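Next comes my_file.cif, a file with mmCIF, C-alpha atoms and all ligand atoms.
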```
data_structure
#
loop_
_atom_site.label_atom_id
_atom_site.label_comp_id
_atom_site.auth_asym_id
_atom_site.auth_seq_id
_atom_site.Cartn_x
_atom_site.Cartn_y
_atom_site.Cartn_z
CA MET S 222 -2.76 13.52 -2.48
CA THR S 223 0.55 11.72 -1.82
CA ASN S 224 1.34 11.15 1.84
CA PRO S 225 4.58 13.12 2.40
CA LEU S 226 6.06 10.01 4.00
CA PHE S 227 6.21 8.45 0.53
CA ASP S 228 7.21 11.57 -1.38
CA LEU S 229 10.62 11.29 -3.09
CA THR S 230 10.64 14.81 -4.54
CA GLY S 231 14.16 16.22 -4.52
CA LYS S 232 15.77 12.81 -4.10
CA THR S 233 18.13 11.13 -6.58
CA ALA S 234 17.97 7.37 -7.04
CA LEU S 235 20.60 5.18 -8.72
CA VAL S 236 18.90 1.98 -9.85
CA THR S 237 21.30 -0.59 -11.26
CA GLY S 238 20.04 -2.60 -14.20
CA SER S 239 17.20 -0.12 -14.72
CA SER S 240 17.04 0.04 -18.52
CA ARG S 241 14.65 -2.94 -18.48
CA GLY S 242 12.92 -5.59 -16.37
CA LEU S 243 12.36 -5.30 -12.64
CA GLY S 244 14.85 -2.44 -12.34
CA ARG S 245 13.01 -0.44 -14.99
CA ALA S 246 9.67 -0.98 -13.27
CA MET S 247 11.01 0.05 -9.86
CA ALA S 248 12.78 3.07 -11.37
CA GLU S 249 9.55 4.19 -13.00
CA GLY S 250 7.76 3.85 -9.67
CA LEU S 251 10.40 5.89 -7.86
CA ALA S 252 10.15 8.53 -10.61
CA VAL S 253 6.37 8.74 -10.18
CA ALA S 254 7.01 9.30 -6.46
CA GLY S 255 9.16 12.30 -7.41
CA ALA S 256 12.71 10.98 -7.56
CA ARG S 257 15.28 11.84 -10.22
CA ILE S 258 16.52 8.55 -11.65
CA LEU S 259 20.08 7.66 -12.65
CA ILE S 260 19.44 4.89 -15.14
CA ASN S 261 22.12 2.21 -15.26
CA GLY S 262 22.94 -0.59 -17.62
CA THR S 263 25.93 -1.93 -19.52
CA ASP S 264 24.52 -0.92 -22.94
CA PRO S 265 24.84 2.88 -23.37
CA GLU S 266 22.33 2.91 -26.23
CA ARG S 267 19.70 1.00 -24.25
CA VAL S 268 20.32 3.32 -21.27
CA ALA S 269 20.00 6.42 -23.46
CA GLN S 270 16.75 5.07 -24.90
CA ALA S 271 15.36 4.50 -21.40
CA VAL S 272 16.38 8.04 -20.34
CA ALA S 273 14.57 9.47 -23.36
CA GLU S 274 11.45 7.46 -22.51
CA PHE S 275 11.54 8.56 -18.86
CA ARG S 276 11.89 12.21 -19.91
CA ALA S 277 9.11 11.86 -22.47
CA ALA S 278 6.92 10.65 -19.60
CA GLY S 279 7.77 13.82 -17.67
CA HIS S 280 10.23 12.21 -15.29
CA GLN S 281 13.72 13.44 -14.31
CA ALA S 282 16.28 10.96 -15.57
CA ASP S 283 19.96 10.84 -16.49
CA ALA S 284 22.21 8.13 -17.89
CA ALA S 285 24.65 6.25 -15.64
CA PRO S 286 25.98 3.48 -17.91
CA PHE S 287 28.58 1.30 -16.20
CA ASP S 288 29.30 -2.39 -15.68
CA VAL S 289 28.32 -3.24 -12.10
CA THR S 290 31.06 -5.90 -11.96
CA ASN S 291 33.82 -3.50 -13.00
CA GLU S 292 35.29 -1.71 -9.99
CA PRO S 293 37.19 1.00 -11.95
CA GLU S 294 33.96 1.80 -13.84
CA ILE S 295 32.05 2.03 -10.56
CA LEU S 296 34.66 4.34 -9.04
CA ARG S 297 34.63 6.52 -12.17
CA ALA S 298 30.83 6.70 -12.09
CA PHE S 299 30.78 7.93 -8.49
CA GLU S 300 33.61 10.38 -9.18
CA GLY S 301 31.45 11.66 -12.00
CA PHE S 302 28.46 12.06 -9.69
CA ASP S 303 30.68 13.96 -7.23
CA ALA S 304 32.03 16.25 -9.95
CA ALA S 305 28.51 16.96 -11.19
CA GLY S 306 27.23 17.65 -7.68
CA ILE S 307 24.92 14.64 -7.84
CA ALA S 308 24.14 13.10 -4.45
CA VAL S 309 22.85 9.54 -4.63
CA ASP S 310 20.19 9.58 -1.90
CA ILE S 311 18.71 6.20 -2.84
CA LEU S 312 20.58 3.17 -4.18
CA VAL S 313 18.65 0.21 -5.57
CA ASN S 314 21.04 -2.70 -6.15
CA ASN S 315 18.94 -4.52 -8.71
CA ALA S 316 21.32 -5.67 -11.45
CA GLY S 317 21.47 -9.43 -11.75
CA ILE S 318 21.75 -12.35 -14.12
CA GLN S 319 20.54 -15.92 -14.05
CA PHE S 320 22.44 -19.04 -15.17
CA ARG S 321 20.69 -22.38 -14.90
CA LYS S 322 22.82 -25.55 -14.77
CA PRO S 323 23.29 -28.45 -12.33
CA MET S 324 26.32 -27.82 -10.10
CA VAL S 325 28.15 -30.94 -11.27
CA GLU S 326 28.15 -29.42 -14.77
CA LEU S 327 28.78 -25.84 -13.68
CA ALA S 328 32.04 -24.18 -14.73
CA THR S 329 33.67 -22.11 -12.00
CA ALA S 330 33.81 -19.14 -14.37
CA ASP S 331 30.02 -19.25 -14.74
CA TRP S 332 29.60 -19.54 -10.96
CA GLN S 333 31.88 -16.53 -10.46
CA ARG S 334 30.14 -14.44 -13.09
CA VAL S 335 26.79 -14.80 -11.31
CA ILE S 336 28.29 -14.12 -7.88
CA ASP S 337 30.12 -11.06 -9.21
CA THR S 338 27.04 -9.62 -10.93
CA ASN S 339 24.39 -10.46 -8.34
CA LEU S 340 26.30 -10.02 -5.06
CA THR S 341 29.77 -8.47 -5.23
CA SER S 342 28.39 -5.60 -7.30
CA ALA S 343 25.99 -4.72 -4.48
CA PHE S 344 28.91 -4.59 -2.05
CA MET S 345 31.09 -2.41 -4.30
CA ILE S 346 28.34 0.03 -5.30
CA GLY S 347 26.91 0.00 -1.79
CA ARG S 348 30.32 0.88 -0.36
CA GLU S 349 30.77 3.84 -2.74
CA ALA S 350 27.25 5.11 -2.09
CA ALA S 351 27.54 4.64 1.68
CA LYS S 352 30.80 6.63 1.91
CA ARG S 353 28.89 9.63 0.58
CA MET S 354 25.66 8.92 2.47
CA ILE S 355 27.59 8.72 5.75
CA ALA S 356 29.08 12.15 5.04
CA ARG S 357 25.57 13.53 4.50
CA GLY S 358 24.05 11.67 7.45
CA HIS S 359 21.32 9.97 5.48
CA GLY S 360 20.63 7.47 2.69
CA LYS S 361 18.49 4.58 1.54
CA ILE S 362 19.84 1.29 0.19
CA VAL S 363 17.44 -1.23 -1.30
CA ASN S 364 19.04 -4.52 -2.30
CA ILE S 365 17.08 -6.85 -4.56
CA GLY S 366 17.10 -10.40 -3.28
CA SER S 367 14.81 -13.18 -4.33
CA LEU S 368 12.69 -16.06 -3.08
CA THR S 369 16.02 -17.82 -3.39
CA SER S 370 17.36 -15.62 -0.60
CA GLU S 371 15.35 -18.02 1.54
CA LEU S 372 14.71 -21.21 -0.42
CA ALA S 373 16.88 -23.15 -2.87
CA ARG S 374 15.80 -24.51 -6.21
CA ALA S 375 17.88 -27.10 -8.08
CA THR S 376 19.99 -25.88 -11.05
CA VAL S 377 20.28 -22.24 -9.93
CA ALA S 378 22.96 -22.60 -7.22
CA PRO S 379 25.07 -19.48 -7.93
CA TYR S 380 21.94 -17.31 -8.17
CA THR S 381 20.61 -18.80 -4.93
CA VAL S 382 23.91 -18.33 -3.10
CA ALA S 383 24.23 -14.77 -4.37
CA LYS S 384 20.67 -13.89 -3.35
CA GLY S 385 21.17 -15.52 0.04
CA GLY S 386 24.24 -13.36 0.32
CA ILE S 387 22.17 -10.29 -0.56
CA LYS S 388 19.98 -10.97 2.47
CA MET S 389 22.99 -11.15 4.79
CA LEU S 390 24.82 -8.27 3.07
CA THR S 391 21.72 -6.18 3.77
CA ARG S 392 21.97 -7.05 7.45
CA ALA S 393 25.71 -6.32 7.44
CA MET S 394 25.02 -2.91 5.89
CA ALA S 395 22.43 -2.23 8.59
CA ALA S 396 24.89 -3.31 11.28
CA GLU S 397 27.52 -0.82 10.12
CA TRP S 398 25.58 2.03 8.55
CA ALA S 399 22.28 2.47 10.43
CA GLN S 400 24.04 4.62 13.01
CA HIS S 401 24.86 7.05 10.18
CA GLY S 402 21.26 7.57 9.15
CA ILE S 403 21.32 4.98 6.38
CA GLN S 404 18.50 2.46 6.11
CA ALA S 405 19.57 -0.70 4.25
CA ASN S 406 16.81 -3.17 3.41
CA ALA S 407 15.91 -5.64 0.68
CA ILE S 408 13.07 -6.81 -1.49
CA GLY S 409 12.64 -10.49 -2.33
CA PRO S 410 10.67 -10.84 -5.55
CA GLY S 411 8.86 -14.06 -6.24
CA TYR S 412 8.39 -15.56 -9.69
CA MET S 413 7.92 -12.43 -11.78
CA ILE S 414 7.09 -12.02 -15.46
CA THR S 415 10.47 -10.94 -16.85
CA ASP S 416 12.68 -11.68 -19.85
CA MET S 417 14.94 -13.68 -17.50
CA ASN S 418 12.03 -15.98 -16.71
CA GLN S 419 10.47 -16.17 -20.17
CA ALA S 420 11.68 -19.73 -20.80
CA LEU S 421 10.11 -20.80 -17.49
CA ILE S 422 6.84 -19.01 -18.24
CA GLU S 423 6.61 -20.74 -21.60
CA ASN S 424 7.28 -24.15 -20.04
CA PRO S 425 3.80 -25.53 -19.26
CA SER S 426 4.94 -27.77 -16.39
CA PHE S 427 7.03 -25.02 -14.75
CA ASP S 428 4.21 -22.51 -15.24
CA ALA S 429 1.81 -24.94 -13.56
CA TRP S 430 4.29 -25.52 -10.72
CA VAL S 431 4.65 -21.78 -10.03
CA LYS S 432 0.90 -21.27 -10.08
CA GLY S 433 0.30 -24.30 -7.82
CA ARG S 434 3.11 -23.41 -5.41
CA THR S 435 2.08 -19.74 -5.10
CA PRO S 436 -0.93 -18.96 -2.88
CA ALA S 437 -1.85 -16.10 -5.26
CA ARG S 438 -1.95 -18.73 -8.04
CA ARG S 439 -0.15 -16.49 -10.54
CA TRP S 440 3.19 -15.01 -11.57
CA GLY S 441 4.01 -11.53 -10.28
CA ARG S 442 4.17 -8.43 -12.45
CA PRO S 443 7.28 -6.17 -12.25
CA GLU S 444 5.20 -3.14 -11.29
CA GLU S 445 4.06 -5.02 -8.19
CA LEU S 446 7.48 -4.35 -6.67
CA VAL S 447 6.97 -0.58 -6.80
CA GLY S 448 5.10 -0.30 -3.50
CA ALA S 449 7.85 -1.99 -1.51
CA ALA S 450 10.51 -0.03 -3.40
CA VAL S 451 8.91 3.35 -2.69
CA PHE S 452 8.35 2.37 0.95
CA LEU S 453 11.99 1.37 1.46
CA ALA S 454 13.26 4.41 -0.49
CA SER S 455 11.14 6.91 1.47
CA SER S 456 10.84 8.43 4.94
CA ALA S 457 8.13 5.87 5.65
CA SER S 458 10.93 3.37 6.39
CA ASP S 459 13.25 5.59 8.47
CA TYR S 460 13.21 3.13 11.38
CA VAL S 461 13.36 -0.03 9.25
CA ASN S 462 16.77 -1.69 8.92
CA GLY S 463 18.16 -4.98 7.71
CA GLN S 464 14.77 -6.32 6.61
CA ILE S 465 13.77 -8.20 3.47
CA ILE S 466 10.22 -7.81 2.18
CA TYR S 467 9.06 -10.76 0.09
CA VAL S 468 6.82 -9.73 -2.79
CA ASP S 469 6.10 -13.27 -3.90
CA GLY S 470 2.36 -13.93 -3.81
CA GLY S 471 2.92 -15.85 -0.59
CA MET S 472 5.21 -18.54 -1.99
CA SER S 473 7.85 -18.25 0.75
CA SER S 474 5.17 -18.55 3.45
CA VAL S 475 3.70 -21.93 2.59
CA LEU S 476 4.73 -25.56 1.96
C1 LIG F 1 14.51 -19.65 -11.45
C2 LIG F 1 14.05 -18.21 -11.50
C3 LIG F 1 14.06 -17.63 -10.09
C4 LIG F 1 13.26 -16.35 -10.13
C5 LIG F 1 13.27 -15.54 -8.87
C6 LIG F 1 12.53 -16.18 -7.77
O1 LIG F 1 15.23 -20.08 -12.36
O2 LIG F 1 14.10 -20.34 -10.49
O3 LIG F 1 14.86 -17.45 -12.37
O4 LIG F 1 15.39 -17.43 -9.70
O5 LIG F 1 13.73 -15.50 -11.12
O6 LIG F 1 14.57 -15.26 -8.48
O7 LIG F 1 12.56 -15.29 -6.68
#
```
Output the file's structure as structure tokens, nothing else.
Amino acid sequence: MTNPLFDLTGKTALVTGSSRGLGRAMAEGLAVAGARILINGTDPERVAQAVAEFRAAGHQADAAPFDVTNEPEILRAFEGFDAAGIAVDILVNNAGIQFRKPMVELATADWQRVIDTNLTSAFMIGREAAKRMIARGHGKIVNIGSLTSELARATVAPYTVAKGGIKMLTRAMAAEWAQHGIQANAIGPGYMITDMNQALIENPSFDAWVKGRTPARRWGRPEELVGAAVFLASSASDYVNGQIIYVDGGMSSVL
């Protein structure tokens, strides 16, 4: 018996970067809680494949392929939702990339690409979603931060800065939009088993560092973000605003 506080039946969730990885796992969890999922990614074929798999699993899903860094594509996507009568009740700003290089070797174009994908996209998509949520008087925004929203690691400066920005963008959203019935919060994943981290997982010394530095002594699994995602997407969090929940095995809590 699902507690109605966590029931997403009748809600529509746009999850950016949801054709794979953490976004896919969170989208699946929101679907299990009853939400219809708008699956996003830059590759229309990969998005269509994910939609087919969601539907085969009995979930409600539709394709929303657009580049989260491309403002005209974002505007067209929301115009399309409007024209189709689709109300985005829940926005999960998950899309992100990683680029590892020491800053003294980092090209500005590479810096900008990470900032655009991991931070500016959340502003642009959040703005378009919020305009419509404000008109309806309710909405849920879940931004995906990182351990690096709090702590810096060498060689991932643009990712760290972007994720630190996600924490403060979340608070800025709360400052402006909570009065309109919108709850904007964030999730800070720890070191999770994802394609983006595969090189780190396969590096014995890095793997040992993560396991030693994490109180849980292990990497996180993408599906372990679902609980926080459903909480922040549901009525259970109607009086929660501007918060970031670290799902990191305890890493951000210890020296
Ligand atoms: C890295 C990793 C991290 C993790 C995660 C930690 O290179 O250190 O990619 O950035 O992915 O963001 O929260």
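Proximity ranking of S:Arg267, S:Lys322, S:Lys384, S:Arg438 relative to Asp337 (chain S) places S:Lys384 first, based on all atoms listed in the file.
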* **Polymer residues at most 10 Å from Arg439 (chain S), all atoms listed in the file, same-chain spacing of 5 or more positions, as a ChimeraX atom specification** => /S:412-414,428-429,431-434,469-470
Using only C-alpha atoms and all ligand atoms, what does the table of chain S residues within 9 Å of ligand LIG 1 (chain F) look like, with each row giving the shortest atom pair and its distance in Å to one decimal, sorted by chain and ascending number, as a tab-separated table?
```
residue	atom	partner	partner_atom	distance
S:Ile318	CA	F:LIG1	O3	8.7
S:Gln319	CA	F:LIG1	O3	6.1
S:Phe320	CA	F:LIG1	O1	7.8
S:Arg321	CA	F:LIG1	O1	6.4
S:Gly366	CA	F:LIG1	O7	7.5
S:Ser367	CA	F:LIG1	O7	3.9
S:Leu368	CA	F:LIG1	O7	3.7
S:Thr369	CA	F:LIG1	O7	5.4
S:Ser370	CA	F:LIG1	O7	7.8
S:Leu372	CA	F:LIG1	O7	8.9
S:Ala373	CA	F:LIG1	O2	8.6
S:Arg374	CA	F:LIG1	O2	6.2
S:Ala375	CA	F:LIG1	O2	8.1
S:Thr376	CA	F:LIG1	O1	7.6
S:Val377	CA	F:LIG1	O1	6.0
S:Tyr380	CA	F:LIG1	O4	6.7
S:Thr381	CA	F:LIG1	O4	7.2
S:Lys384	CA	F:LIG1	O6	8.1
S:Gly409	CA	F:LIG1	O7	6.5
S:Pro410	CA	F:LIG1	O7	5.0
S:Gly411	CA	F:LIG1	O7	3.9
S:Tyr412	CA	F:LIG1	C6	4.6
S:Met413	CA	F:LIG1	O5	6.6
S:Ile414	CA	F:LIG1	O5	8.7
S:Thr415	CA	F:LIG1	O5	8.0
S:Met417	CA	F:LIG1	O3	6.4
S:Asn418	CA	F:LIG1	O3	5.4
S:Leu421	CA	F:LIG1	O1	7.3
S:Tyr467	CA	F:LIG1	O7	8.9
S:Val468	CA	F:LIG1	O7	8.9
S:Asp469	CA	F:LIG1	O7	7.3
```
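When all atoms listed in the file are used to compute distances to Ala351 (chain S), the closest of the residues S:His401, S:Arg245, S:Arg276, S:Arg257 turns out to be S:His401.
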* To do: Please return, as a VMD selection string, all polymer residues that have at least one atom within 7 Å of the point (16.0, 1.2, -20.3); use only C-alpha atoms and the file's own coordinate frame.
  => chain S and resid 239 to 241 245 267 to 268 270 to 272
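With all atoms listed in the file as the atoms that count, the residue of S:Met324, S:Val313, S:Pro286, S:Leu243 with the shortest distance to Gly301 (chain S) is S:Pro286.
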* Asked: Could you state the separation of CA of Thr263 (chain S) and CA of Val289 (chain S) in Å, given to one decimal place?
  ->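 Interatomic distance here is 7.9 Å.
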* To do: Point out the residue among S:Ile258, S:Leu446, S:Met472, S:Ile365 with the least atom-to-atom distance to Ser342 (chain S), counting only C-alpha atoms.
  => S:Ile365
* To do: Pick out the closest residue to Phe452 (chain S) from this set: S:Ile387, S:Ile307, S:Ala356, S:Val363. Count only C-alpha atoms.
  =>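 For Phe452 (chain S), the nearest of the candidates is S:Val363.
Pairwise distance (CA of Asn339 (chain S), CA of Gln281 (chain S)) equals 26.8 Å.
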* One decimal, Å: what's the distance from CA of Ala277 (chain S) over to CA of Gly448 (chain S), could you say? =>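 The value is 22.9 Å.
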* To do: Tell me which protein, DNA and RNA residues are within 9 Å of Glu249 (chain S), counting all atoms listed in the file, leaving out same-chain ones fewer than 4 positions away, and put them as JSON, numbers by chain.
  => {"S": [239, 244, 245, 253, 254, 258, 275, 280, 444, 447]}
* At a cut-off of 7 Å from (24.1, -8.0, -7.1) in the coordinates of the file, what residues are picked up using all atoms listed in the file, written as a list in words? ->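 The residues that fall inside the cut-off are Asn314, Asn315, Ala316, Gly317, Thr338, Asn339, Leu340, Thr341, Ser342 and Ala343 of chain S.
Minimum atom-to-atom distance to Arg442 (chain S), evaluated using all atoms listed in the file, belongs to S:Asp416 out of S:Gly347, S:Ala305, S:Asp416, S:Asn364.
Within the 8 Å cut-off around Ile466 (chain S), using only C-alpha atoms and omitting residues fewer than 6 positions from it on the same chain, the listed residues are Ala407, Ile408, Gly409 and Ala449 of chain S.
Taking all atoms listed in the file, the non-local environment of Phe227 (chain S) within 10 Å (same-chain residues fewer than 2 positions away omitted) comprises Thr223, Asn224, Pro225, Leu229, Thr230, Leu251, Ala254, Gly255, Gly448, Val451, Phe452, Leu453, Ala454, Ser455, Ser456, Ala457 and Ser458 of chain S.
Excluding Phe287 (chain S) itself and any same-chain residue fewer than 6 positions from it, the protein and nucleic acid residues within 8 Å of it, counting only C-alpha atoms, are Asn261, Gly262, Thr263, Glu294, Ile295 and Ala298 of chain S.
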